[in-house]
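What follows is one structure encoded as C-alpha cells, with my remarks underneath.
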Amino acid sequence: MKYLSTPAGTTRIGLAYGPGIPEFVEAHPGLVDYIEIPFEQLRHSPLLRSLQESVPLVLHCASMSVAGFVPPADATIDAIALEAERMRTPWIGEHLAFVAADPLALPGVAPGSPTTLTYTVCPQLSEETVQQVVDNVALLQSRCTTPLILENPPQYFTVPGSTMTMVDFVNAVLSRCQVGLLLDLSHFLIAMLNTGADAHQEVTRLPLERVREIHISGLNTQSGIAWDDHATPAPAPVFELLELVLAHSRPLALTMEYNWSPNFPASILHAHITRVRHLLGTA
Amino acid sequence: MSARHVHAVMAAGLANPHLIERWQQEPTLLREYGLSPADIDLPALWKFAGLAVKVRHNGLRGDLPWTFRLLNVLGLEADIFASYGSFLAKTGTSLGNSSEARAHDLCAFLEGWLDGENPGHCLLWDLIRHELALMQLCKTSTPDPFLQTLAPLDQGSPCAATVPRICGTIVLHAMRCDPQTVIAALRHVSPPLHTLPREPVHLCYWRQASTSDIQILHVDELGFYLLSCSDGSVSAADLSRRLVGGRRVAPNLLNGLAQLREAGILSFHNKAKKTAR
Ligand SMILES: [Fe+2]
C-alpha cells in the first residue's frame, strides 16, 4: 500500500477521483502524488480501496454536515474514522456546509425524519452557525484521531439570516476551531462573484497560514450566477488567486478537481499539473 | 432568522425542487414556514437544485459529450436540469439505474421541454438524438445469428412481391441541421453556432449485423420512408400503395429499394415464396 507523506515546505499534487483519473495517473508515472477520494464513494464501492496499491489516497468527505444542526449517524462517523485510519490519510477534508437538516413541518404537525441531501449546501453565515460548527467539530475530533480540514463552500446566493461575508465566516470558524483550511479557490471565486466582492482583496483576509490543501476546478456562469463545474478547466482568475495565495503560504497539497467528465482532456490535466508545479517552483 | 430553521426550509426545497416552484407561485405556502420570497432567492435555490441533478447525470458525459458541451455553450444547463429536477419531484420519478435509462428519460423530458421555434433548442434536440442513436447502436447486443443466416435469400431485382428487411440495426432521424456540422463547430473555443447552415437532413444510423462499426448515412426522403417501413413484413407493393396509392408499383420506389440493397442495408425476400413454404 502507498501512503502520502506531507513534509512541511513541500506541496504534493493530486487529482480528485473520477472517471479516467486512475488510468491517467497510471499512464504518467511520477506526475501525480495522490488521488483524493470521497468517503461516500469508498463506502459505496469498497473495491476502490485497491487503488492504494499503486497510488496514495487522501480522504475527502461530504457526510459530516459540519455546519448543520442534524448530526450524522454514529455509524457514519465511525466508518469515516475507520476509513481514515486504514488509508493513513494525512487529514480528512470536509465541507464547511450541511447535508442534512430538520424536516419541514407546519405548526401543529408532527415532523417526519430529517431531510438528507446527497450534496453539501452553503450554510447561513452567522454567529449561530459558527457556534454550531465549533460544537460539531469538537464532537467529531473527540471521535476521530485523523486531523480535520474544512473546505470553504461555493455560495450561489445569500442564505437568509446571514450576517457575515464568506471570509468573515471562515475566519470566525478557524479562530475557534483547531482545524486546517482546505481552500477551494474555485468555490472562493464563485462566492466572490456571486456576492459582488473583490476576490483578490478578500482572499488575503483569510488566515492563509492555516491552508493545508488547495482545490482548483472550473466554474461556469449561467443565468447570471457562477456555478461550480468540475468538467471544465480552471480559468485564469483561479490561477491568479493561486499565485496570490502561494505568495503568502505553502500548502501541503493541491488537488485538481477535474472529475465530472471522462472526456476531460488528458492534455489539459497534464498542462495544469505542469503549470501548478511551475508556480510552486518545483517544475 | 434561525439558521436551523433556514437550513430546514432550504433542504426541503432542494430535496423537492417542485416545492420551490410552488413557493414562487404561491408565496403564502412559504410564509407558513416563516419566510417570504423576499427573504430568499428562490430562482437561485431552484437552479442550485438543478446543479445537483446535472451532477447526477455526469455518467452520461462519456456517451453524450457534445450534448453536454452544447448545453454549456447555450447556457441551458441550469434551466434544463432545474426544470428536470422539478419534473422528477412532481411526478415522483426516480432516476434510472443505468446510463441508457437516464439518457432515455432525459431525452423524453427534453422532447416536451424544448421549444421547436428556438434555434438553439433545435440544435440541442438534433444533437442529443444523434448521440443517443450512436449510444443505442453501440450497446446493441449482437443480433440473433439465426436472423443473420436468413439474409439474403433473393438477389434479383425488386418487384411488387419483394419484402425488404433491414440488415443489422438502424435508427432513423430527420434533423433540422446536420449534427456532424454542429459537432465540428463545437470543437472551437467559441463555437460559431449562428453561422451553421440550417439544412434539413435525413440520417440513418446503421450497425451491420456482422460488425460493431456504425455508419451514418445521409438518405433522401424516399430512402428514409423505405427504411422506416422495411420491417420484414411489408412488400414493395404495399409500400408503394401507402406512399402514392394505385396498384402499380412506383418505379422510383423499386429503384430506391435496389439502391439501399446495393448499399447493403436492405436484403430482399419474396412474399410469394415465403407463403408457398
Ligand atoms: Fe473542492
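In the C-alpha cells, chains take the letters A, B, ... in the order shown, each chain's residues start at 1, and ligands count up from 1 in the order shown.
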When DSSP works through the backbone of this structure, what residues of region 56-204 of chain A end up as helix (DSSP H, G or I), shown as a PyMOL selection string? chain A and resi 74-87+127-143+166-176+185-195+199-203
To check your reading of the model: which residues sit at most 8 Å from ligand 1 when counting only C-alpha atoms and all ligand atoms? Write the answer as a PyMOL selection string. chain A and resi 151+153+182-184+186-187+215-217+257
Distance cut-off 8 Å, counting only C-alpha atoms - which residues of chain B neighbour chain A? Return them as an MDAnalysis selection string. chainID B and resid 1:9 11:12 14:15 32:33 39:41 44:45 48 52 55 58:59 61:62 65 75:78
Output the selection as a compact mmCIF listing (two decimals), in the first residue's frame - N, CA and C atoms for each residue.
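Written file, part-v9.txt:
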```
# COMPACT_ATOMS: atom_id res chain seq x y z
N MET B 1 -33.45 35.38 12.18
CA MET B 1 -33.94 34.20 11.47
C MET B 1 -33.04 33.01 11.80
N SER B 2 -33.59 32.05 12.48
CA SER B 2 -32.77 30.93 12.97
C SER B 2 -32.12 30.15 11.84
N ALA B 3 -30.80 29.92 11.98
CA ALA B 3 -30.06 29.17 10.96
C ALA B 3 -30.66 27.77 10.82
N ARG B 4 -30.99 27.20 11.96
CA ARG B 4 -31.51 25.83 11.96
C ARG B 4 -32.77 25.74 11.10
N HIS B 5 -33.65 26.75 11.27
CA HIS B 5 -34.91 26.74 10.53
C HIS B 5 -34.67 27.05 9.04
N VAL B 6 -33.80 28.00 8.78
CA VAL B 6 -33.49 28.34 7.38
C VAL B 6 -32.93 27.12 6.64
N HIS B 7 -32.04 26.40 7.31
CA HIS B 7 -31.48 25.19 6.69
C HIS B 7 -32.60 24.19 6.38
N ALA B 8 -33.56 24.09 7.29
CA ALA B 8 -34.66 23.12 7.08
C ALA B 8 -35.47 23.50 5.85
N VAL B 9 -35.75 24.80 5.70
CA VAL B 9 -36.53 25.25 4.54
C VAL B 9 -35.75 25.02 3.25
N ALA B 11 -33.28 22.90 2.67
CA ALA B 11 -33.10 21.47 2.37
C ALA B 11 -34.40 20.88 1.81
N ALA B 12 -35.54 21.32 2.37
CA ALA B 12 -36.82 20.79 1.87
C ALA B 12 -37.00 21.16 0.40
N LEU B 14 -34.58 21.96 -1.76
CA LEU B 14 -33.58 21.29 -2.60
C LEU B 14 -33.94 19.82 -2.82
N ALA B 15 -34.53 19.21 -1.80
CA ALA B 15 -34.92 17.80 -1.95
C ALA B 15 -36.13 17.67 -2.88
N GLU B 32 -45.91 30.25 5.49
CA GLU B 32 -46.31 29.34 6.57
C GLU B 32 -45.09 28.82 7.32
N TYR B 33 -43.94 28.86 6.63
CA TYR B 33 -42.70 28.41 7.27
C TYR B 33 -41.88 29.59 7.77
N ASP B 39 -37.12 37.08 1.25
CA ASP B 39 -36.01 36.69 2.13
C ASP B 39 -35.00 35.79 1.42
N ILE B 40 -35.46 35.09 0.42
CA ILE B 40 -34.61 34.05 -0.16
C ILE B 40 -34.68 34.10 -1.70
N ASP B 41 -33.56 33.93 -2.32
CA ASP B 41 -33.50 33.96 -3.79
C ASP B 41 -33.99 32.60 -4.31
N ALA B 44 -32.56 31.17 -7.60
CA ALA B 44 -31.20 30.64 -7.45
C ALA B 44 -31.22 29.30 -6.70
N LEU B 45 -32.07 29.21 -5.69
CA LEU B 45 -32.18 27.94 -4.94
C LEU B 45 -32.65 26.83 -5.87
N PHE B 48 -29.89 25.80 -8.12
CA PHE B 48 -28.91 25.01 -7.37
C PHE B 48 -29.39 23.55 -7.28
N ALA B 52 -27.47 19.92 -8.83
CA ALA B 52 -27.33 18.58 -8.24
C ALA B 52 -27.86 17.52 -9.20
N VAL B 55 -25.26 17.01 -11.90
CA VAL B 55 -24.11 16.21 -11.44
C VAL B 55 -24.47 14.73 -11.44
N ASN B 58 -23.64 13.02 -14.63
CA ASN B 58 -22.25 13.01 -15.12
C ASN B 58 -21.90 11.70 -15.81
N GLY B 59 -22.54 10.62 -15.40
CA GLY B 59 -22.28 9.32 -16.01
C GLY B 59 -22.61 9.28 -17.50
N ARG B 61 -21.88 11.76 -19.57
CA ARG B 61 -20.97 12.63 -20.34
C ARG B 61 -20.10 11.83 -21.31
N GLY B 62 -19.79 10.59 -20.95
CA GLY B 62 -18.98 9.76 -21.84
C GLY B 62 -19.71 9.45 -23.14
N PRO B 65 -21.02 13.48 -25.04
CA PRO B 65 -20.09 14.59 -24.77
C PRO B 65 -20.49 15.89 -25.44
N GLY B 75 -25.77 27.86 -22.53
CA GLY B 75 -26.15 28.36 -21.20
C GLY B 75 -27.47 27.80 -20.74
N LEU B 76 -27.75 26.56 -21.14
CA LEU B 76 -29.06 25.97 -20.82
C LEU B 76 -29.00 24.97 -19.67
N GLU B 77 -27.79 24.63 -19.21
CA GLU B 77 -27.68 23.57 -18.20
C GLU B 77 -28.53 23.86 -16.97
N ALA B 78 -28.39 25.07 -16.44
CA ALA B 78 -29.09 25.39 -15.18
C ALA B 78 -30.60 25.27 -15.37
```
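One finds CA of Leu185 (chain A) at 21.3 Å from CA of Ser63 (chain A).
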Do you have the CA of Ile166 (chain B)-CA of Gly232 (chain B) distance handy? 7.4 Å
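Taking CA of Ala133 (chain B) and CA of Ala82 (chain B) as endpoints, the distance between them is 25.2 Å.
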What lies within 10 Å of Val25 (chain A) using only C-alpha atoms, ignoring chain neighbours under 2 positions off, as a PDB file with N, CA, C and O atoms, in the first residue's frame?
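File produced: part-v2.pdb:
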```pdb
ATOM      1  N   GLY A  14      -2.221  16.387  -6.426  1.00  0.00           N
ATOM      2  CA  GLY A  14      -3.114  15.246  -6.613  1.00  0.00           C
ATOM      3  C   GLY A  14      -4.291  15.567  -7.504  1.00  0.00           C
ATOM      4  O   GLY A  14      -4.522  16.713  -7.908  1.00  0.00           O
ATOM      5  N   LEU A  15      -5.028  14.515  -7.820  1.00  0.00           N
ATOM      6  CA  LEU A  15      -6.242  14.651  -8.635  1.00  0.00           C
ATOM      7  C   LEU A  15      -7.415  14.066  -7.865  1.00  0.00           C
ATOM      8  O   LEU A  15      -7.259  13.052  -7.167  1.00  0.00           O
ATOM      9  N   GLY A  20     -11.619   7.901 -15.471  1.00  0.00           N
ATOM     10  CA  GLY A  20     -10.399   8.118 -16.256  1.00  0.00           C
ATOM     11  C   GLY A  20      -9.210   8.577 -15.435  1.00  0.00           C
ATOM     12  O   GLY A  20      -8.075   8.585 -15.936  1.00  0.00           O
ATOM     13  N   ILE A  21      -9.415   8.985 -14.190  1.00  0.00           N
ATOM     14  CA  ILE A  21      -8.303   9.533 -13.399  1.00  0.00           C
ATOM     15  C   ILE A  21      -7.280   8.449 -13.019  1.00  0.00           C
ATOM     16  O   ILE A  21      -6.071   8.652 -13.229  1.00  0.00           O
ATOM     17  N   PRO A  22      -7.702   7.282 -12.502  1.00  0.00           N
ATOM     18  CA  PRO A  22      -6.683   6.262 -12.190  1.00  0.00           C
ATOM     19  C   PRO A  22      -5.869   5.881 -13.424  1.00  0.00           C
ATOM     20  O   PRO A  22      -4.647   5.688 -13.327  1.00  0.00           O
ATOM     21  N   GLU A  23      -6.526   5.824 -14.565  1.00  0.00           N
ATOM     22  CA  GLU A  23      -5.825   5.473 -15.804  1.00  0.00           C
ATOM     23  C   GLU A  23      -4.801   6.554 -16.153  1.00  0.00           C
ATOM     24  O   GLU A  23      -3.688   6.259 -16.583  1.00  0.00           O
ATOM     25  N   ALA A  27      -0.798   6.095 -16.376  1.00  0.00           N
ATOM     26  CA  ALA A  27      -0.112   6.354 -17.646  1.00  0.00           C
ATOM     27  C   ALA A  27       0.997   7.406 -17.513  1.00  0.00           C
ATOM     28  O   ALA A  27       1.793   7.581 -18.436  1.00  0.00           O
ATOM     29  N   HIS A  28       1.002   8.138 -16.395  1.00  0.00           N
ATOM     30  CA  HIS A  28       2.005   9.200 -16.213  1.00  0.00           C
ATOM     31  C   HIS A  28       2.733   9.000 -14.884  1.00  0.00           C
ATOM     32  O   HIS A  28       2.505   9.769 -13.941  1.00  0.00           O
ATOM     33  N   PRO A  29       3.587   8.001 -14.796  1.00  0.00           N
ATOM     34  CA  PRO A  29       4.253   7.714 -13.522  1.00  0.00           C
ATOM     35  C   PRO A  29       5.038   8.925 -13.012  1.00  0.00           C
ATOM     36  O   PRO A  29       5.723   9.589 -13.784  1.00  0.00           O
ATOM     37  N   GLY A  30       4.864   9.206 -11.728  1.00  0.00           N
ATOM     38  CA  GLY A  30       5.624  10.289 -11.105  1.00  0.00           C
ATOM     39  C   GLY A  30       4.999  11.666 -11.266  1.00  0.00           C
ATOM     40  O   GLY A  30       5.457  12.633 -10.659  1.00  0.00           O
ATOM     41  N   LEU A  31       3.947  11.773 -12.080  1.00  0.00           N
ATOM     42  CA  LEU A  31       3.357  13.101 -12.316  1.00  0.00           C
ATOM     43  C   LEU A  31       2.395  13.493 -11.188  1.00  0.00           C
ATOM     44  O   LEU A  31       2.327  14.654 -10.801  1.00  0.00           O
ATOM     45  N   VAL A  32       1.669  12.516 -10.675  1.00  0.00           N
ATOM     46  CA  VAL A  32       0.631  12.799  -9.674  1.00  0.00           C
ATOM     47  C   VAL A  32       1.012  12.114  -8.365  1.00  0.00           C
ATOM     48  O   VAL A  32       1.367  10.931  -8.358  1.00  0.00           O
ATOM     49  N   ASP A  33       0.949  12.860  -7.264  1.00  0.00           N
ATOM     50  CA  ASP A  33       1.393  12.301  -5.980  1.00  0.00           C
ATOM     51  C   ASP A  33       0.299  11.495  -5.267  1.00  0.00           C
ATOM     52  O   ASP A  33       0.607  10.649  -4.440  1.00  0.00           O
ATOM     53  N   TYR A  34      -0.954  11.826  -5.532  1.00  0.00           N
ATOM     54  CA  TYR A  34      -2.034  11.127  -4.814  1.00  0.00           C
ATOM     55  C   TYR A  34      -3.358  11.310  -5.562  1.00  0.00           C
ATOM     56  O   TYR A  34      -3.481  12.178  -6.436  1.00  0.00           O
ATOM     57  N   ILE A  35      -4.304  10.480  -5.187  1.00  0.00           N
ATOM     58  CA  ILE A  35      -5.683  10.673  -5.652  1.00  0.00           C
ATOM     59  C   ILE A  35      -6.525  10.976  -4.418  1.00  0.00           C
ATOM     60  O   ILE A  35      -6.400  10.303  -3.387  1.00  0.00           O
ATOM     61  N   SER A  54      -1.341   1.231  -5.816  1.00  0.00           N
ATOM     62  CA  SER A  54      -0.437   1.878  -6.765  1.00  0.00           C
ATOM     63  C   SER A  54      -0.278   3.378  -6.547  1.00  0.00           C
ATOM     64  O   SER A  54       0.675   3.973  -7.065  1.00  0.00           O
ATOM     65  N   VAL A  55      -1.176   4.000  -5.815  1.00  0.00           N
ATOM     66  CA  VAL A  55      -1.061   5.452  -5.612  1.00  0.00           C
ATOM     67  C   VAL A  55      -1.625   5.806  -4.219  1.00  0.00           C
ATOM     68  O   VAL A  55      -2.632   5.231  -3.797  1.00  0.00           O
TER      69      VAL A  55
END
```
Using only C-alpha atoms, which residues sit within 12 Å of Glu243 (chain A) once same-chain residues fewer than 4 positions away are excluded, as a VMD selection string? chain A and resid 185 200 203 to 204 214 236 to 239 247 to 250 275 to 281
Can those selected residues be exported to a file as a compact mmCIF listing (two decimals), in the first residue's frame so that it contains C-alpha atoms?
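Wrote it out as out_12.txt, contents follow:
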```txt
# COMPACT_ATOMS: atom_id res chain seq x y z
CA LEU A 185 -10.16 28.59 -4.95
CA HIS A 200 -8.12 39.44 -4.68
CA VAL A 203 -8.50 36.19 -0.28
CA THR A 204 -5.71 37.95 1.59
CA ILE A 214 -5.94 23.83 -2.10
CA ALA A 236 -7.25 32.33 -15.50
CA PRO A 237 -8.76 34.10 -12.44
CA VAL A 238 -8.41 30.88 -10.41
CA PHE A 239 -4.72 30.69 -11.29
CA ALA A 247 2.86 34.25 -2.20
CA HIS A 248 1.58 34.04 1.38
CA SER A 249 1.54 30.34 2.18
CA ARG A 250 2.82 26.95 1.22
CA ARG A 275 1.65 24.90 -14.61
CA VAL A 276 0.99 24.32 -10.91
CA ARG A 277 4.39 22.71 -10.38
CA HIS A 278 5.93 25.71 -12.09
CA LEU A 279 4.04 28.11 -9.82
CA LEU A 280 5.23 26.12 -6.84
CA GLY A 281 8.76 26.37 -8.11
```
Running DSSP on the backbone, which parts of region 9-178 of chain B land in strand (DSSP E), as an MDAnalysis selection string? chainID B and resid 162:166 169:175
What's around Ala101 (chain B) at 12 Å? Count only C-alpha atoms, leave out sequence neighbours fewer than 5 positions away in its own chain, and write the answer as a ChimeraX atom specification. /B:57,59-60,94-96,106-108,132,135-136
